[in-house]
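So this one's run23.pdb, PDB, C-alpha atoms and all ligand atoms:
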MODEL        1
ATOM      1  CA  MET A   1     -24.836 -18.773 -34.251
ATOM      2  CA  ALA A   2     -26.482 -19.818 -30.995
ATOM      3  CA  ASP A   3     -30.266 -19.702 -30.811
ATOM      4  CA  PRO A   4     -31.166 -16.381 -29.116
ATOM      5  CA  ARG A   5     -34.317 -17.925 -27.628
ATOM      6  CA  ARG A   6     -32.299 -20.531 -25.763
ATOM      7  CA  GLU A   7     -29.556 -18.070 -24.857
ATOM      8  CA  LEU A   8     -32.088 -15.627 -23.435
ATOM      9  CA  ALA A   9     -33.845 -18.364 -21.458
ATOM     10  CA  GLY A  10     -30.484 -19.427 -19.988
ATOM     11  CA  LEU A  11     -29.504 -15.881 -19.033
ATOM     12  CA  LEU A  12     -32.855 -15.159 -17.404
ATOM     13  CA  ALA A  13     -32.638 -18.434 -15.485
ATOM     14  CA  ASP A  14     -29.257 -17.270 -14.163
ATOM     15  CA  ARG A  15     -30.745 -13.930 -13.153
ATOM     16  CA  PHE A  16     -34.127 -14.942 -11.674
ATOM     17  CA  GLN A  17     -34.900 -18.035  -9.682
ATOM     18  CA  ASP A  18     -38.482 -17.994 -11.054
ATOM     19  CA  ALA A  19     -37.770 -17.330 -14.749
ATOM     20  CA  GLY A  20     -39.014 -20.790 -15.789
ATOM     21  CA  GLU A  21     -42.335 -19.689 -17.275
ATOM     22  CA  LEU A  22     -41.015 -16.772 -19.318
ATOM     23  CA  ASP A  23     -41.685 -16.838 -23.069
ATOM     24  CA  THR A  24     -38.487 -16.232 -25.024
ATOM     25  CA  SER A  25     -39.874 -17.161 -28.449
ATOM     26  CA  PHE A  26     -39.452 -13.595 -29.783
ATOM     27  CA  ALA A  27     -35.841 -13.209 -28.626
ATOM     28  CA  THR A  28     -33.239 -11.451 -30.770
ATOM     29  CA  GLU A  29     -29.521 -10.877 -30.226
ATOM     30  CA  ALA A  30     -30.402  -7.445 -28.813
ATOM     31  CA  HIS A  31     -32.454  -9.052 -26.023
ATOM     32  CA  VAL A  32     -29.676 -11.534 -25.293
ATOM     33  CA  ARG A  33     -27.170  -8.686 -24.949
ATOM     34  CA  MET A  34     -29.451  -6.743 -22.594
ATOM     35  CA  ALA A  35     -30.136  -9.781 -20.425
ATOM     36  CA  ALA A  36     -26.385 -10.492 -20.280
ATOM     37  CA  HIS A  37     -25.698  -7.079 -18.732
ATOM     38  CA  ALA A  38     -22.949  -6.974 -16.118
ATOM     39  CA  SER A  39     -21.229  -3.944 -14.625
ATOM     40  CA  ILE A  40     -17.520  -3.835 -15.499
ATOM     41  CA  ARG A  41     -14.793  -2.524 -13.201
ATOM     42  CA  THR A  42     -11.645  -3.802 -14.929
ATOM     43  CA  TRP A  43     -10.327  -2.358 -18.177
ATOM     44  CA  ALA A  44      -8.380  -3.729 -21.110
ATOM     45  CA  ASP A  45      -5.382  -1.684 -22.185
ATOM     46  CA  ARG A  46      -7.026  -0.618 -25.438
ATOM     47  CA  PRO A  47      -7.899   2.927 -26.431
ATOM     48  CA  LEU A  48     -11.458   3.961 -27.235
ATOM     49  CA  PRO A  49     -11.864   4.867 -30.935
ATOM     50  CA  THR A  50     -12.100   8.596 -31.534
ATOM     51  CA  GLY A  51     -15.697   9.749 -31.710
ATOM     52  CA  MET A  52     -17.223   6.544 -30.348
ATOM     53  CA  LEU A  53     -18.403   8.047 -27.063
ATOM     54  CA  GLU A  54     -19.951  11.039 -28.805
ATOM     55  CA  THR A  55     -21.977   8.737 -31.076
ATOM     56  CA  LEU A  56     -23.051   6.534 -28.161
ATOM     57  CA  ALA A  57     -24.060   9.688 -26.283
ATOM     58  CA  ALA A  58     -26.133  10.851 -29.263
ATOM     59  CA  ILE A  59     -27.872   7.456 -29.318
ATOM     60  CA  ALA A  60     -28.546   7.684 -25.573
ATOM     61  CA  LEU A  61     -29.839  11.248 -25.910
ATOM     62  CA  SER A  62     -32.359   9.923 -28.458
ATOM     63  CA  SER A  63     -34.264   8.308 -25.539
ATOM     64  CA  PRO A  64     -37.740   9.488 -24.577
ATOM     65  CA  THR A  65     -37.747  12.619 -22.452
ATOM     66  CA  LYS A  66     -40.437  14.047 -20.200
ATOM     67  CA  SER A  67     -42.617  16.588 -22.104
ATOM     68  CA  ASP A  68     -39.871  16.812 -24.738
ATOM     69  CA  MET A  69     -38.061  19.053 -22.226
ATOM     70  CA  GLN A  70     -34.700  17.263 -22.676
ATOM     71  CA  SER A  71     -33.741  18.213 -19.145
ATOM     72  CA  ARG A  72     -30.531  16.162 -19.026
ATOM     73  CA  ASP A  73     -26.987  16.479 -20.299
ATOM     74  CA  ILE A  74     -23.882  14.295 -20.462
ATOM     75  CA  VAL A  75     -20.381  15.504 -19.592
ATOM     76  CA  LEU A  76     -17.728  13.322 -21.267
ATOM     77  CA  VAL A  77     -14.444  13.380 -19.387
ATOM     78  CA  THR A  78     -11.743  11.729 -21.488
ATOM     79  CA  ASP A  79      -8.782  14.112 -21.256
ATOM     80  CA  PRO A  80      -6.273  12.279 -19.006
ATOM     81  CA  ALA A  81      -5.579  15.338 -16.863
ATOM     82  CA  ARG A  82      -9.289  16.040 -16.379
ATOM     83  CA  ARG A  83      -9.969  12.376 -15.534
ATOM     84  CA  ALA A  84      -7.125  12.421 -13.044
ATOM     85  CA  GLY A  85      -8.702  15.491 -11.442
ATOM     86  CA  LEU A  86     -12.232  14.127 -11.362
ATOM     87  CA  ALA A  87     -11.615  10.532 -10.232
ATOM     88  CA  PRO A  88     -10.435  11.339  -6.673
ATOM     89  CA  LEU A  89     -13.393  13.681  -6.182
ATOM     90  CA  ILE A  90     -15.663  10.701  -6.877
ATOM     91  CA  ALA A  91     -13.954   8.022  -4.767
ATOM     92  CA  PRO A  92     -10.461   6.625  -4.170
ATOM     93  CA  ASP A  93     -11.291   3.359  -6.034
ATOM     94  CA  ALA A  94      -8.533   2.317  -8.457
ATOM     95  CA  TRP A  95     -11.026   1.138 -11.110
ATOM     96  CA  ILE A  96     -12.490   4.643 -11.314
ATOM     97  CA  ALA A  97      -9.064   6.249 -11.721
ATOM     98  CA  ALA A  98      -8.133   3.630 -14.332
ATOM     99  CA  ALA A  99     -11.289   3.988 -16.433
ATOM    100  CA  PRO A 100     -10.491   5.222 -19.973
ATOM    101  CA  ALA A 101     -13.514   7.539 -19.825
ATOM    102  CA  LEU A 102     -15.662   9.008 -17.076
ATOM    103  CA  LEU A 103     -19.085  10.281 -18.014
ATOM    104  CA  VAL A 104     -21.341  12.365 -15.827
ATOM    105  CA  PHE A 105     -25.087  12.205 -16.414
ATOM    106  CA  CYS A 106     -26.651  15.430 -15.185
ATOM    107  CA  GLY A 107     -30.170  16.605 -14.582
ATOM    108  CA  ASN A 108     -30.596  20.017 -16.218
ATOM    109  CA  HIS A 109     -33.458  22.264 -15.159
ATOM    110  CA  ARG A 110     -31.554  25.383 -16.163
ATOM    111  CA  ARG A 111     -32.841  25.473 -19.733
ATOM    112  CA  GLN A 112     -36.506  25.287 -18.697
ATOM    113  CA  ARG A 113     -36.047  28.322 -16.478
ATOM    114  CA  GLN A 114     -34.148  30.122 -19.226
ATOM    115  CA  VAL A 115     -36.821  29.579 -21.867
ATOM    116  CA  SER A 116     -39.550  30.690 -19.449
ATOM    117  CA  GLU A 117     -37.596  33.870 -18.801
ATOM    118  CA  TRP A 118     -36.687  34.494 -22.447
ATOM    119  CA  ARG A 119     -40.337  34.082 -23.502
ATOM    120  CA  GLY A 120     -41.489  36.433 -20.734
ATOM    121  CA  VAL A 121     -43.755  33.747 -19.267
ATOM    122  CA  PRO A 122     -43.895  33.088 -15.518
ATOM    123  CA  PHE A 123     -42.546  29.721 -14.370
ATOM    124  CA  ALA A 124     -45.250  28.440 -12.039
ATOM    125  CA  ASN A 125     -43.755  25.066 -11.063
ATOM    126  CA  ASP A 126     -40.971  25.760  -8.623
ATOM    127  CA  HIS A 127     -41.420  22.579  -6.599
ATOM    128  CA  LEU A 128     -40.110  19.027  -6.244
ATOM    129  CA  ASP A 129     -41.513  17.845  -9.567
ATOM    130  CA  TRP A 130     -38.833  19.602 -11.618
ATOM    131  CA  PHE A 131     -35.974  18.087  -9.692
ATOM    132  CA  PHE A 132     -37.628  14.722 -10.182
ATOM    133  CA  ASN A 133     -38.210  15.290 -13.933
ATOM    134  CA  ALA A 134     -34.568  16.175 -14.510
ATOM    135  CA  ALA A 135     -33.310  13.233 -12.410
ATOM    136  CA  VAL A 136     -35.582  10.794 -14.284
ATOM    137  CA  ASP A 137     -34.571  12.173 -17.705
ATOM    138  CA  ALA A 138     -30.887  11.798 -16.785
ATOM    139  CA  SER A 139     -31.468   8.249 -15.495
ATOM    140  CA  ILE A 140     -33.183   7.179 -18.720
ATOM    141  CA  VAL A 141     -30.228   8.473 -20.741
ATOM    142  CA  LEU A 142     -27.811   6.682 -18.400
ATOM    143  CA  GLY A 143     -29.615   3.381 -18.953
ATOM    144  CA  SER A 144     -29.738   3.884 -22.719
ATOM    145  CA  PHE A 145     -26.051   4.762 -22.857
ATOM    146  CA  ILE A 146     -25.192   1.518 -21.066
ATOM    147  CA  VAL A 147     -27.298  -0.541 -23.497
ATOM    148  CA  ALA A 148     -25.715   1.230 -26.489
ATOM    149  CA  ALA A 149     -22.178   0.896 -25.112
ATOM    150  CA  GLU A 150     -22.605  -2.803 -24.297
ATOM    151  CA  ALA A 151     -23.968  -3.393 -27.820
ATOM    152  CA  ALA A 152     -20.653  -1.996 -29.089
ATOM    153  CA  GLY A 153     -18.691  -4.343 -26.814
ATOM    154  CA  LEU A 154     -17.767  -1.747 -24.185
ATOM    155  CA  GLY A 155     -18.089  -2.250 -20.443
ATOM    156  CA  CYS A 156     -19.574   0.278 -18.032
ATOM    157  CA  CYS A 157     -20.202   0.817 -14.367
ATOM    158  CA  PRO A 158     -22.531   3.535 -13.056
ATOM    159  CA  ILE A 159     -21.197   5.508 -10.092
ATOM    160  CA  SER A 160     -23.536   7.049  -7.523
ATOM    161  CA  GLN A 161     -20.437   7.818  -5.451
ATOM    162  CA  ILE A 162     -20.140  10.893  -7.664
ATOM    163  CA  ARG A 163     -22.755  12.428  -5.352
ATOM    164  CA  ASN A 164     -20.615  11.871  -2.236
ATOM    165  CA  ARG A 165     -18.908  15.185  -2.915
ATOM    166  CA  ALA A 166     -21.497  16.685  -5.235
ATOM    167  CA  GLN A 167     -20.441  20.274  -4.607
ATOM    168  CA  ALA A 168     -16.759  19.600  -5.356
ATOM    169  CA  VAL A 169     -17.689  17.642  -8.505
ATOM    170  CA  SER A 170     -20.013  20.461  -9.607
ATOM    171  CA  GLU A 171     -17.265  23.029  -9.192
ATOM    172  CA  PHE A 172     -14.749  20.832 -11.012
ATOM    173  CA  LEU A 173     -17.133  20.332 -13.948
ATOM    174  CA  GLU A 174     -18.265  23.968 -13.792
ATOM    175  CA  LEU A 175     -21.921  22.944 -13.610
ATOM    176  CA  PRO A 176     -24.162  26.028 -13.594
ATOM    177  CA  GLU A 177     -27.136  26.596 -11.299
ATOM    178  CA  ARG A 178     -29.937  23.985 -11.555
ATOM    179  CA  VAL A 179     -27.622  21.419 -13.192
ATOM    180  CA  PHE A 180     -26.636  18.506 -10.928
ATOM    181  CA  PRO A 181     -24.924  15.116 -11.269
ATOM    182  CA  VAL A 182     -27.263  12.122 -11.130
ATOM    183  CA  ALA A 183     -24.625   9.458 -11.714
ATOM    184  CA  GLY A 184     -21.174   8.966 -13.125
ATOM    185  CA  LEU A 185     -20.306   6.187 -15.556
ATOM    186  CA  ALA A 186     -16.936   4.523 -15.992
ATOM    187  CA  VAL A 187     -16.504   3.273 -19.563
ATOM    188  CA  GLY A 188     -13.858   1.226 -21.367
ATOM    189  CA  TRP A 189     -13.162  -2.081 -23.064
ATOM    190  CA  PRO A 190     -13.776  -4.805 -20.474
ATOM    191  CA  GLY A 191     -10.698  -6.367 -18.886
ATOM    192  CA  ALA A 192     -12.781  -9.462 -18.125
ATOM    193  CA  PRO A 193     -16.451 -10.382 -18.454
ATOM    194  CA  GLY A 194     -18.574  -9.488 -15.421
ATOM    195  CA  PRO A 195     -20.694 -12.037 -13.564
ATOM    196  CA  ILE A 196     -24.466 -12.193 -14.003
ATOM    197  CA  THR A 197     -25.712 -10.741 -10.721
ATOM    198  CA  PRO A 198     -28.959 -12.397  -9.581
ATOM    199  CA  ARG A 199     -31.981 -10.150  -9.146
ATOM    200  CA  LEU A 200     -34.899 -10.454  -6.742
ATOM    201  CA  PRO A 201     -37.511 -12.972  -7.894
ATOM    202  CA  LEU A 202     -40.076 -11.739 -10.396
ATOM    203  CA  SER A 203     -42.799 -12.863  -7.966
ATOM    204  CA  LEU A 204     -41.718  -9.922  -5.815
ATOM    205  CA  THR A 205     -40.929  -7.254  -8.408
ATOM    206  CA  LEU A 206     -43.267  -7.955 -11.328
ATOM    207  CA  HIS A 207     -46.943  -7.257 -10.615
ATOM    208  CA  ALA A 208     -49.964  -8.126 -12.764
ATOM    209  CA  ASP A 209     -52.733  -5.531 -13.000
ATOM    210  CA  ARG A 210     -52.296  -4.364  -9.430
ATOM    211  CA  TYR A 211     -49.575  -4.310  -6.789
ATOM    212  CA  ARG A 212     -49.465  -7.615  -5.001
ATOM    213  CA  ASP A 213     -48.229  -7.487  -1.420
ATOM    214  CA  GLU A 214     -48.063 -11.000  -0.068
ATOM    215  CA  GLY A 215     -47.763  -9.775   3.496
ATOM    216  CA  GLU A 216     -44.658  -9.407   5.604
ATOM    217  CA  ALA A 217     -44.147 -13.082   6.502
ATOM    218  CA  ALA A 218     -44.400 -14.258   2.883
ATOM    219  CA  THR A 219     -42.234 -11.411   1.580
ATOM    220  CA  ARG A 220     -39.618 -12.162   4.195
ATOM    221  CA  ALA A 221     -39.635 -15.847   3.241
ATOM    222  CA  THR A 222     -39.219 -14.896  -0.440
ATOM    223  CA  ILE A 223     -36.272 -12.640   0.365
ATOM    224  CA  ASP A 224     -34.706 -15.329   2.568
ATOM    225  CA  GLY A 225     -35.061 -17.733  -0.354
ATOM    226  CA  TYR A 226     -33.435 -15.209  -2.694
ATOM    227  CA  ASP A 227     -30.592 -14.666  -0.222
ATOM    228  CA  HIS A 228     -29.809 -18.385  -0.218
ATOM    229  CA  TRP A 229     -30.299 -18.894  -3.973
ATOM    230  CA  ARG A 230     -28.022 -15.958  -4.685
ATOM    231  CA  HIS A 231     -25.455 -17.117  -2.140
ATOM    232  CA  GLN A 232     -25.049 -20.434  -3.972
ATOM    233  CA  ARG A 233     -24.284 -18.587  -7.210
ATOM    234  CA  GLN A 234     -22.463 -15.486  -6.123
ATOM    235  CA  PRO A 235     -21.526 -15.343  -2.435
ATOM    236  CA  TYR A 236     -20.320 -11.994  -1.104
ATOM    237  CA  ALA A 237     -16.526 -11.840  -0.947
ATOM    238  CA  ARG A 238     -16.578  -9.809   2.254
ATOM    239  CA  GLN A 239     -18.946  -8.644   4.959
ATOM    240  CA  ARG A 240     -19.575  -4.945   5.630
ATOM    241  CA  ARG A 241     -19.183  -3.230   8.975
ATOM    242  CA  VAL A 242     -17.861  -6.278  10.812
ATOM    243  CA  ARG A 243     -16.288  -4.092  13.512
ATOM    244  CA  ASP A 244     -19.668  -2.631  14.532
ATOM    245  CA  LEU A 245     -22.057  -5.422  13.614
ATOM    246  CA  GLY A 246     -19.930  -8.562  13.951
ATOM    247  CA  VAL A 247     -19.514 -11.477  11.566
ATOM    248  CA  ALA A 248     -22.878 -12.741  10.309
ATOM    249  CA  PRO A 249     -23.147 -16.560  10.293
ATOM    250  CA  PHE A 250     -24.967 -16.283   6.971
ATOM    251  CA  TYR A 251     -24.328 -13.214   4.842
ATOM    252  CA  GLY A 252     -26.838 -12.747   2.049
ATOM    253  CA  TRP A 253     -28.159  -9.841  -0.014
ATOM    254  CA  SER A 254     -30.572  -8.597   2.668
ATOM    255  CA  GLU A 255     -27.831  -8.596   5.327
ATOM    256  CA  ASP A 256     -25.537  -6.700   2.967
ATOM    257  CA  LYS A 257     -28.163  -4.066   2.113
ATOM    258  CA  ALA A 258     -29.203  -3.645   5.752
ATOM    259  CA  ARG A 259     -25.557  -3.145   6.754
ATOM    260  CA  GLN A 260     -24.854  -0.815   3.820
ATOM    261  CA  TYR A 261     -27.501   1.618   4.990
ATOM    262  CA  SER A 262     -26.792   1.364   8.718
ATOM    263  CA  VAL A 263     -24.627   4.478   8.411
ATOM    264  CA  PRO A 264     -25.660   7.855   6.968
ATOM    265  CA  GLU A 265     -24.787   8.307   3.307
ATOM    266  CA  ARG A 266     -24.999  11.629   1.461
ATOM    267  CA  ALA A 267     -27.128  13.162   4.204
ATOM    268  CA  ASP A 268     -26.121  16.564   2.816
ATOM    269  CA  PHE A 269     -27.496  15.889  -0.670
ATOM    270  CA  GLY A 270     -30.771  17.729  -0.040
ATOM    271  CA  ALA A 271     -28.862  20.814   1.060
ATOM    272  CA  TYR A 272     -26.664  20.545  -2.037
ATOM    273  CA  VAL A 273     -29.704  20.288  -4.331
ATOM    274  CA  ARG A 274     -31.403  23.270  -2.656
ATOM    275  CA  GLY A 275     -28.126  25.177  -3.042
ATOM    276  CA  ARG A 276     -28.259  24.453  -6.787
ATOM    277  CA  GLY A 277     -31.517  26.409  -6.987
ATOM    278  CA  PHE A 278     -34.173  23.732  -6.506
ATOM    279  CA  ARG A 279     -37.154  23.897  -4.189
ATOM    280  CA  LEU A 280     -37.995  20.406  -3.010
ATOM    281  CA  ASP A 281     -41.433  21.083  -1.468
TER     282      ASP A 281
HETATM  283  C1  LIG A 301     -27.591   4.572 -10.458
HETATM  284  C2  LIG A 301     -26.511   3.558 -10.150
HETATM  285  C3  LIG A 301     -25.460   3.909  -9.346
HETATM  286  C4  LIG A 301     -24.431   2.996  -9.078
HETATM  287  N1  LIG A 301     -23.377   3.401  -8.332
HETATM  288  C5  LIG A 301     -22.337   2.551  -8.142
HETATM  289  C6  LIG A 301     -21.194   2.994  -7.426
HETATM  290  O1  LIG A 301     -21.121   4.142  -6.955
HETATM  291  N2  LIG A 301     -20.164   2.115  -7.256
HETATM  292  C7  LIG A 301     -20.220   0.849  -7.778
HETATM  293  O2  LIG A 301     -19.244   0.099  -7.613
HETATM  294  N3  LIG A 301     -21.292   0.401  -8.479
HETATM  295  C8  LIG A 301     -22.356   1.226  -8.663
HETATM  296  N4  LIG A 301     -23.437   0.817  -9.377
HETATM  297  C9  LIG A 301     -23.444  -0.525  -9.977
HETATM  298  C10 LIG A 301     -24.295  -1.476  -9.139
HETATM  299  O3  LIG A 301     -23.599  -1.811  -7.965
HETATM  300  C11 LIG A 301     -24.614  -2.711  -9.987
HETATM  301  O4  LIG A 301     -25.438  -2.317 -11.066
HETATM  302  C12 LIG A 301     -25.337  -3.761  -9.150
HETATM  303  O5  LIG A 301     -24.470  -4.282  -8.174
HETATM  304  C13 LIG A 301     -25.828  -4.910 -10.009
HETATM  305  O6  LIG A 301     -24.755  -5.487 -10.716
HETATM  306  P1  LIG A 301     -24.790  -5.576 -12.303
HETATM  307  O7  LIG A 301     -24.926  -4.191 -12.861
HETATM  308  O8  LIG A 301     -23.459  -6.203 -12.691
HETATM  309  O9  LIG A 301     -25.939  -6.450 -12.675
HETATM  310  C14 LIG A 301     -24.491   1.690  -9.618
HETATM  311  C15 LIG A 301     -25.582   1.323 -10.422
HETATM  312  C16 LIG A 301     -26.578   2.251 -10.687
HETATM  313  C17 LIG A 301     -27.731   1.847 -11.586
ENDMDL
END

Would you mind writing the file out in structure tokens?
Ligand SMILES: Cc1cc2nc3c(=O)[nH]c(=O)nc-3n(C[C@H](O)[C@H](O)[C@H](O)COP(=O)(O)O)c2cc1C
Amino acid sequence: MADPRRELAGLLADRFQDAGELDTSFATEAHVRMAAHASIRTWADRPLPTGMLETLAAIALSSPTKSDMQSRDIVLVTDPARRAGLAPLIAPDAWIAAAPALLVFCGNHRRQRQVSEWRGVPFANDHLDWFFNAAVDASIVLGSFIVAAEAAGLGCCPISQIRNRAQAVSEFLELPERVFPVAGLAVGWPGAPGPITPRLPLSLTLHADRYRDEGEAATRATIDGYDHWRHQRQPYARQRRVRDLGVAPFYGWSEDKARQYSVPERADFGAYVRGRGFRLD
């Protein structure tokens, strides 16, 4: 078996241009698997074993949860007819329709309000914090599910597009008041391994003892460097919004992200969340 310390060092060097100093002496196979994460959008023609998703969900739901409130749920959509109904509400992408399972990770603030009412105790926290708590709890479970599924050899891809038509998805899934989708997750056996997608350098995203802002010029130079480093490894296959913004002579991560958010996306999400019964003040 390969040495996990060397494997981990290799994977982190593929992911971060400044991984050279990282200590991997404690590495186990579990760390290697986590560092090898790649989102999967192609599926092998192989059924998921009965009960596997339920067990993975139970593992994911074992994650830490804010104040032990457990304000998150998972909806497993595996029935072919239900998947066929849900997929087009998320997005027209073929890989979503083809996924053997679609999971929906939901924030759930309904139970907290119910227990307050059932115990005859006023709920004195009707403000943004409870939307945030439920969204964070759901996100933690999403991340844990991915780790657990990848450890079992499955491939996954989270889907924020599920919030593009949040109201339609909520009606389809019959989500009650104060329950909302945070993200979808396509799950299946991978059709092919995914590439290791480079991340921003640790010098920018990992801070020691206090936040270190190197100033705009230095940060910009670091991001330019990342753009070029990443381009050598994994160039973008296509440019976004060429009709409006033209063809960029160099198209890196920062150009892609700037273009991605040059058009409004889910501008109605706040209204949807308020309509679900949340106050966001
Ligand atoms: C919360 C969340 C939502 C995401 N939504 C989508 C999505 O709607 N469509 C998609 O193709 N990928 C989606 N992704 C996957 C990201 O694009 C992917 O994680 C990122 O490009 C990095 O690639 P990697 O996961 O292979 O390292 C999402 C990821 C997260 C964490």

Query raised in the report: Mind telling me what the PyMOL selection byres (((chain A and resi 62) around 12) and not hetatm) catches here, as a list in words?
Result: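 Applied to this file, the PyMOL selection byres (((chain A and resi 62) around 12) and not hetatm) returns Thr55, Leu56, Ala57, Ala58, Ile59, Ala60, Leu61, Ser63, Pro64, Thr65, Asp68, Gln70, Arg72, Asp73, Asp137, Ala138, Ile140, Val141, Leu142, Gly143, Ser144, Phe145 and Ala148 of chain A.
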
Quick one: what's the axis-aligned box for ligand LIG 301 (chain A), all listed atoms, 4 Å on every side, centre and edges in Å to one decimal, as JSON?
{"center_x": -23.5, "center_y": -0.9, "center_z": -9.9, "size_x": 16.5, "size_y": 19.0, "size_z": 13.9}

Requested in this report: Just say which residues the PyMOL selection byres (((chain A and resi 98) around 12) and not hetatm) picks in this file, as a list of chain:residue names.
Outcome: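 The output of the PyMOL selection byres (((chain A and resi 98) around 12) and not hetatm) on this file is A:Arg41, A:Thr42, A:Trp43, A:Ala44, A:Asp45, A:Arg46, A:Thr78, A:Pro80, A:Arg83, A:Ala84, A:Leu86, A:Ala87, A:Pro88, A:Pro92, A:Asp93, A:Ala94, A:Trp95, A:Ile96, A:Ala97, A:Ala99, A:Pro100, A:Ala101, A:Leu102, A:Ala186, A:Val187, A:Gly188, A:Trp189, A:Pro190, A:Gly191.
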
Report task. Give the answer as one residue: which of A:Val121, A:Leu175, A:Val182, A:Leu154 has the shortest atom-to-atom distance to ligand LIG 301 (chain A), using only C-alpha atoms and all ligand atoms? Result ->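 Counting only C-alpha atoms and all ligand atoms, the residue closest to ligand LIG 301 (chain A) is A:Val182.
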
Considering all atoms listed in the file, tabulate each residue of chain A that lies at most 6 Å from ligand LIG 301 (chain A) along with its nearest interatomic pair and the corresponding distance in Å to one decimal; arrange the rows by chain and ascending residue number and present them as a Markdown table.
| residue | atom | partner | partner_atom | distance |
| --- | --- | --- | --- | --- |
| A:Ala38 | CA | A:LIG301 | O8 | 3.5 |
| A:Ser39 | CA | A:LIG301 | O8 | 3.7 |
| A:Cys157 | CA | A:LIG301 | C9 | 5.6 |
| A:Pro158 | CA | A:LIG301 | C14 | 4.4 |
| A:Ile159 | CA | A:LIG301 | O1 | 3.4 |
| A:Ser160 | CA | A:LIG301 | N1 | 3.7 |
| A:Gln161 | CA | A:LIG301 | O1 | 4.0 |
| A:Ala183 | CA | A:LIG301 | C1 | 5.9 |
| A:Thr197 | CA | A:LIG301 | O9 | 4.7 |

**Report entry** Residues matched by the PyMOL selection byres (((chain A and resi 133) around 9) and not hetatm), written as an MDAnalysis selection string
**Finding:** chainID A and resid 65:66 71 107 109 128:132 134:138

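Across the model, the gap from CA of Ala81 (chain A) to CA of Phe180 (chain A) is 22.1 Å.
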
Requested in this report: Figure out the distance between CA of Gln260 (chain A) and CA of Val247 (chain A), please, to one decimal in Å.
Outcome: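 Atom-to-atom, CA of Val247 (chain A) to CA of Gln260 (chain A), that is 14.2 Å.
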
Query - Shortest interatomic distance to Asp244 (chain A) - which of A:Arg6, A:Asp227, A:Leu53, A:Ser262, counting only C-alpha atoms - result: A:Ser262

Report summary line: Shortest contact to Gln112 (chain A), candidates A:Ser67, A:Thr28, A:Gln232, A:Ser139, atoms counted all atoms listed in the file, goes to A:Ser67

Report task. Show which residues sit within 12 Å of region 210-223 of chain A, as a VMD selection string. Count all atoms listed in the file, and ignore same-chain residues fewer than 5 positions away. Result -> chain A and resid 17 to 18 199 to 205 228 to 231 252 to 255 257

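Atom pair CA of Arg240 (chain A) / CA of Leu185 (chain A): separated by 23.9 Å.
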
**Report entry** Radius query 8 Å about (-21.5, 1.4, 11.8), atoms used: only C-alpha atoms, as a list in words
**Finding:** Arg241, Arg243, Asp244, Leu245, Arg259, Ser262 and Val263 of chain A

Requested in this report: Using all atoms listed in the file, pick whichever of A:Val75, A:Met52, A:Ala91, A:Met69 has the shortest atom-to-atom distance to Val115 (chain A).
Outcome: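 The answer is A:Met69, which sits nearest to Val115 (chain A).
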
Counting all atoms listed in the file, what are the residues of region 118-218 of chain A within 7 Å of region 272-279 of chain A, and for each of them which pair of atoms is the nearest and at what distance in Å, to one decimal? Sort the table by chain and rising number, as a Markdown table.
| residue | atom | partner | partner_atom | distance |
| --- | --- | --- | --- | --- |
| A:Asp126 | CA | A:Arg279 | CA | 6.1 |
| A:His127 | CA | A:Arg279 | CA | 5.1 |
| A:Leu128 | CA | A:Arg279 | CA | 6.1 |
| A:Phe131 | CA | A:Phe278 | CA | 6.7 |
| A:Gln167 | CA | A:Tyr272 | CA | 6.7 |
| A:Glu177 | CA | A:Arg276 | CA | 5.1 |
| A:Arg178 | CA | A:Arg276 | CA | 5.1 |

**Report entry** Nearest to Ala166 (chain A) by atom-to-atom distance, counting all atoms listed in the file, from A:Val32, A:Ala151, A:Cys106, A:Ala208
**Finding:**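 Of A:Val32, A:Ala151, A:Cys106, A:Ala208, the one nearest Ala166 (chain A), counting all atoms listed in the file, is A:Cys106.
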